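Notes to accompany the following structure.
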There are 2 protein chains.
Amino acid sequence: MAKVVSPREIAACLTEHWSPRVVAEVDDAYIKVAKVQGQLAWHQHENEDELFLVLKGRLVIELEAGAPIELAEGQMFVVPKGVRHNPVAAEECHVMLIERKSTLHTGDVVNEKTQSLAEQLRPL
Amino acid sequence: MAKVVSPREIAACLTEHWSPRVVAEVDDAYIKVAKVQGQLAWHQHENEDELFLVLKGRLVIELEAGAPIELAEGQMFVVPKGVRHNPVAAEECHVMLIERKSTLHTGDVVNEKTQSLAEQLRPL
């Protein structure tokens, strides 16, 4: 069970965009990594905060109300529960996410990019 | 409320060892950063997992049962609830922690290094 995890290395090995993979769990939260490019979808998580930490590249988190949040490598931002947002990466970007286990990938929206929890839990 | 956080930059600015500071919250978890050197204390958190992510340097997490976990920069490890452990850094090391809000700094032990939650929540 004792497992050392290297989020940056795992993210670099992913082959699909917008397909987060669970790399660790801390109580009722999952730690995930993803490789992203383009935009995901406007959505919100009614009951869960969501943390984005940029491992490589740059990520913009568009917010329905307010200026977009621009994150450089090493920076993080918490989207509060109930806040409509859309993650966008002009170029390929690697991110780490911290989310409650109940969090749905694209929140209240389902589109062709939506990943089930089972897909996110697949062995790496 | 919209706040971009740079864990590595905050950790680098800390002046005390073993004095974690809360930099973000995600639902019922705090994200903390700390600058550490030497050893903290053998302790355990009966009801909470604890994630260590090394931002700079190297950290060893000694475990009562099993080989010590050696973490290089960018690597992380989750100490499961109930597992007695002791974080040790031969040289100065910067870490990010993910812990439930209820987690006590040195768990079931109090020593001269123990920091209250109020101390960890002080403005940076």
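Just so we're on the same page: first chain in the structure tokens is A, next is B, and so on; residues restart at 1 for each chain, and ligands are numbered from 1 in the order they show up.
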
Using only C-alpha atoms, find the residues of chain A whose closest atom to chain B is at most 8 Å away, then write them as a list of chain:residue names. A:Ala2, A:Lys3, A:Val4, A:Val5, A:Ser6, A:Pro7, A:Arg8, A:Ala24, A:Glu25, A:Val26, A:Asp27, A:Glu48, A:Asp49, A:Glu50, A:Leu51, A:Ile69, A:Leu71, A:Gly74, A:Gln75, A:Met76, A:Phe77, A:Val78, A:Ile98, A:Glu99, A:Arg100

Please produce an output containing N, CA, C and O atoms for each residue in the selection, written as a short mmCIF file (atom, residue, chain, number, x, y, z; two decimals), in the first residue's frame.
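Result file out_11.cif:
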```cif
data_model
loop_
_atom_site.label_atom_id
_atom_site.label_comp_id
_atom_site.auth_asym_id
_atom_site.auth_seq_id
_atom_site.Cartn_x
_atom_site.Cartn_y
_atom_site.Cartn_z
N ALA A 2 2.05 1.18 0.60
CA ALA A 2 2.90 2.37 0.66
C ALA A 2 3.34 2.72 -0.75
O ALA A 2 4.09 1.98 -1.36
N LYS A 3 2.90 3.85 -1.22
CA LYS A 3 3.17 4.17 -2.61
C LYS A 3 3.61 5.61 -2.76
O LYS A 3 2.92 6.53 -2.33
N VAL A 4 4.77 5.78 -3.36
CA VAL A 4 5.25 7.11 -3.67
C VAL A 4 4.71 7.49 -5.04
O VAL A 4 4.81 6.70 -5.99
N VAL A 5 4.12 8.66 -5.14
CA VAL A 5 3.48 9.09 -6.37
C VAL A 5 4.19 10.34 -6.91
O VAL A 5 4.51 11.24 -6.14
N SER A 6 4.41 10.37 -8.20
CA SER A 6 5.03 11.53 -8.85
C SER A 6 4.02 12.15 -9.82
O SER A 6 3.95 11.76 -10.99
N PRO A 7 3.22 13.10 -9.34
CA PRO A 7 2.16 13.64 -10.19
C PRO A 7 2.66 14.16 -11.54
O PRO A 7 2.03 13.92 -12.57
N ARG A 8 3.79 14.85 -11.53
CA ARG A 8 4.29 15.41 -12.79
C ARG A 8 4.65 14.31 -13.78
O ARG A 8 4.37 14.42 -14.97
N ALA A 24 -4.20 9.35 -5.96
CA ALA A 24 -4.13 9.15 -4.51
C ALA A 24 -5.48 9.53 -3.91
O ALA A 24 -6.30 10.20 -4.55
N GLU A 25 -5.71 9.05 -2.69
CA GLU A 25 -6.89 9.50 -1.96
C GLU A 25 -6.49 9.93 -0.56
O GLU A 25 -5.57 9.36 0.04
N VAL A 26 -7.15 10.96 -0.10
CA VAL A 26 -6.92 11.50 1.24
C VAL A 26 -8.29 11.64 1.86
O VAL A 26 -9.05 12.55 1.52
N ASP A 27 -8.62 10.72 2.75
CA ASP A 27 -9.96 10.71 3.33
C ASP A 27 -11.02 10.75 2.23
O ASP A 27 -11.00 9.90 1.36
N GLU A 48 -19.34 20.93 -4.17
CA GLU A 48 -17.91 20.65 -3.94
C GLU A 48 -17.02 21.77 -4.46
O GLU A 48 -17.20 22.25 -5.58
N ASP A 49 -16.02 22.12 -3.66
CA ASP A 49 -14.94 22.97 -4.14
C ASP A 49 -14.04 22.13 -5.06
O ASP A 49 -14.06 20.90 -4.98
N GLU A 50 -13.24 22.81 -5.87
CA GLU A 50 -12.34 22.08 -6.77
C GLU A 50 -11.02 22.83 -6.89
O GLU A 50 -11.01 24.00 -7.26
N LEU A 51 -9.95 22.16 -6.56
CA LEU A 51 -8.63 22.80 -6.63
C LEU A 51 -7.88 22.40 -7.89
O LEU A 51 -7.80 21.21 -8.22
N ILE A 69 -9.20 33.46 -14.35
CA ILE A 69 -8.05 33.22 -13.49
C ILE A 69 -6.94 32.63 -14.34
O ILE A 69 -7.14 31.61 -15.00
N LEU A 71 -3.38 30.85 -14.49
CA LEU A 71 -2.46 30.10 -13.64
C LEU A 71 -1.22 29.68 -14.41
O LEU A 71 -1.32 29.04 -15.46
N GLY A 74 3.03 25.85 -11.23
CA GLY A 74 3.24 25.96 -9.78
C GLY A 74 2.16 26.73 -9.06
O GLY A 74 2.16 26.80 -7.83
N GLN A 75 1.23 27.32 -9.80
CA GLN A 75 0.17 28.10 -9.16
C GLN A 75 -1.12 27.30 -9.05
O GLN A 75 -1.39 26.41 -9.87
N MET A 76 -1.92 27.65 -8.05
CA MET A 76 -3.18 26.92 -7.87
C MET A 76 -4.31 27.87 -7.54
O MET A 76 -4.11 29.01 -7.14
N PHE A 77 -5.53 27.36 -7.73
CA PHE A 77 -6.74 28.15 -7.49
C PHE A 77 -7.86 27.19 -7.11
O PHE A 77 -7.96 26.09 -7.66
N VAL A 78 -8.67 27.63 -6.16
CA VAL A 78 -9.82 26.82 -5.75
C VAL A 78 -11.09 27.45 -6.32
O VAL A 78 -11.41 28.61 -6.03
N ILE A 98 -7.64 18.51 -6.80
CA ILE A 98 -8.08 17.96 -5.52
C ILE A 98 -9.59 18.16 -5.45
O ILE A 98 -10.08 19.29 -5.54
N GLU A 99 -10.30 17.06 -5.34
CA GLU A 99 -11.77 17.08 -5.40
C GLU A 99 -12.34 16.07 -4.42
O GLU A 99 -11.78 14.99 -4.25
N ARG A 100 -13.48 16.38 -3.88
CA ARG A 100 -14.21 15.36 -3.12
C ARG A 100 -14.54 14.18 -4.01
O ARG A 100 -14.76 14.35 -5.21
#
```

Show me, as an NGL selection string, the residues that have an atom within 10 Å of His105 in chain A when counting only C-alpha atoms, minus same-chain residues fewer than 6 positions from it. :A and (18-20 or 40-41 or 43-45 or 99 or 113-117 or 120)

Mind dumping the selected residues with N, CA, C and O atoms as a CSV table (one decimal), in the first residue's frame?
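See selection.csv below for the written result:
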```
chain,number,residue,atom,x,y,z
A,18,TRP,N,-8.1,15.9,-21.1
A,18,TRP,CA,-9.4,16.0,-20.3
A,18,TRP,C,-9.8,14.6,-19.8
A,18,TRP,O,-11.0,14.4,-19.7
A,19,SER,N,-8.9,13.8,-19.4
A,19,SER,CA,-9.2,12.5,-18.9
A,19,SER,C,-8.5,12.3,-17.6
A,19,SER,O,-7.4,11.6,-17.5
A,20,PRO,N,-9.0,12.9,-16.5
A,20,PRO,CA,-8.3,12.9,-15.2
A,20,PRO,C,-8.1,11.5,-14.7
A,20,PRO,O,-9.0,10.6,-14.9
A,40,LEU,N,-12.8,22.5,-21.6
A,40,LEU,CA,-13.5,21.4,-21.2
A,40,LEU,C,-15.0,21.6,-21.4
A,40,LEU,O,-15.6,21.1,-22.4
A,41,ALA,N,-15.6,22.5,-20.6
A,41,ALA,CA,-17.1,22.8,-20.7
A,41,ALA,C,-17.4,23.7,-19.6
A,41,ALA,O,-16.8,23.6,-18.5
A,43,HIS,N,-19.4,24.5,-16.5
A,43,HIS,CA,-20.1,23.7,-15.6
A,43,HIS,C,-19.9,24.1,-14.2
A,43,HIS,O,-19.1,25.0,-13.9
A,44,GLN,N,-20.7,23.6,-13.3
A,44,GLN,CA,-20.4,23.9,-11.9
A,44,GLN,C,-20.6,22.6,-11.0
A,44,GLN,O,-21.3,21.7,-11.5
A,45,HIS,N,-20.0,22.6,-9.9
A,45,HIS,CA,-20.2,21.6,-8.9
A,45,HIS,C,-21.0,22.2,-7.7
A,45,HIS,O,-20.4,23.0,-7.0
A,99,GLU,N,-10.3,17.1,-5.3
A,99,GLU,CA,-11.8,17.1,-5.4
A,99,GLU,C,-12.3,16.1,-4.4
A,99,GLU,O,-11.8,15.0,-4.2
A,113,LYS,N,-16.8,15.0,-23.7
A,113,LYS,CA,-15.6,14.9,-22.9
A,113,LYS,C,-15.8,14.3,-21.5
A,113,LYS,O,-14.8,14.0,-20.9
A,114,THR,N,-17.0,14.2,-21.1
A,114,THR,CA,-17.3,13.8,-19.7
A,114,THR,C,-16.7,12.4,-19.4
A,114,THR,O,-17.0,11.4,-20.2
A,115,GLN,N,-15.9,12.3,-18.3
A,115,GLN,CA,-15.4,11.0,-17.9
A,115,GLN,C,-16.1,10.5,-16.7
A,115,GLN,O,-16.3,11.3,-15.7
A,116,SER,N,-16.4,9.2,-16.7
A,116,SER,CA,-17.1,8.6,-15.5
A,116,SER,C,-16.0,8.5,-14.4
A,116,SER,O,-14.8,8.5,-14.7
A,117,LEU,N,-16.4,8.3,-13.2
A,117,LEU,CA,-15.5,8.0,-12.1
A,117,LEU,C,-14.7,6.7,-12.4
A,117,LEU,O,-13.5,6.6,-12.1
A,120,GLN,N,-11.9,7.4,-14.5
A,120,GLN,CA,-10.8,8.2,-13.7
A,120,GLN,C,-10.1,7.3,-12.8
A,120,GLN,O,-8.9,7.6,-12.4
```

Just the helix (DSSP H, G or I) stuff from chain A, please, per backbone DSSP, written as number ranges by chain. A: 7-13, 117-120

Just the strand (DSSP E or B) stuff from chain B, please, per backbone DSSP, written as an MDAnalysis selection string. chainID B and resid 5 17 21:26 29:39 43 50:56 59:63 69:71 76:79 85:100

Give me the residues within 9 Å of Glu91 in chain A as a PyMOL selection string, counting only C-alpha atoms and dropping any in the same chain fewer than 3 places off. chain A and resi 36-38+57-59+88

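Restricting the calculation to only C-alpha atoms, the smallest distance between Tyr30 in chain B and any of B:Met96, B:Ala89, B:Val109, B:Val83 is found for B:Met96.
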
From the list B:Leu63, B:Ala118, B:Leu104, B:Cys93, which residue is nearest Glu16 in chain B when using only C-alpha atoms?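 Closest residue, counting only C-alpha atoms: B:Cys93.
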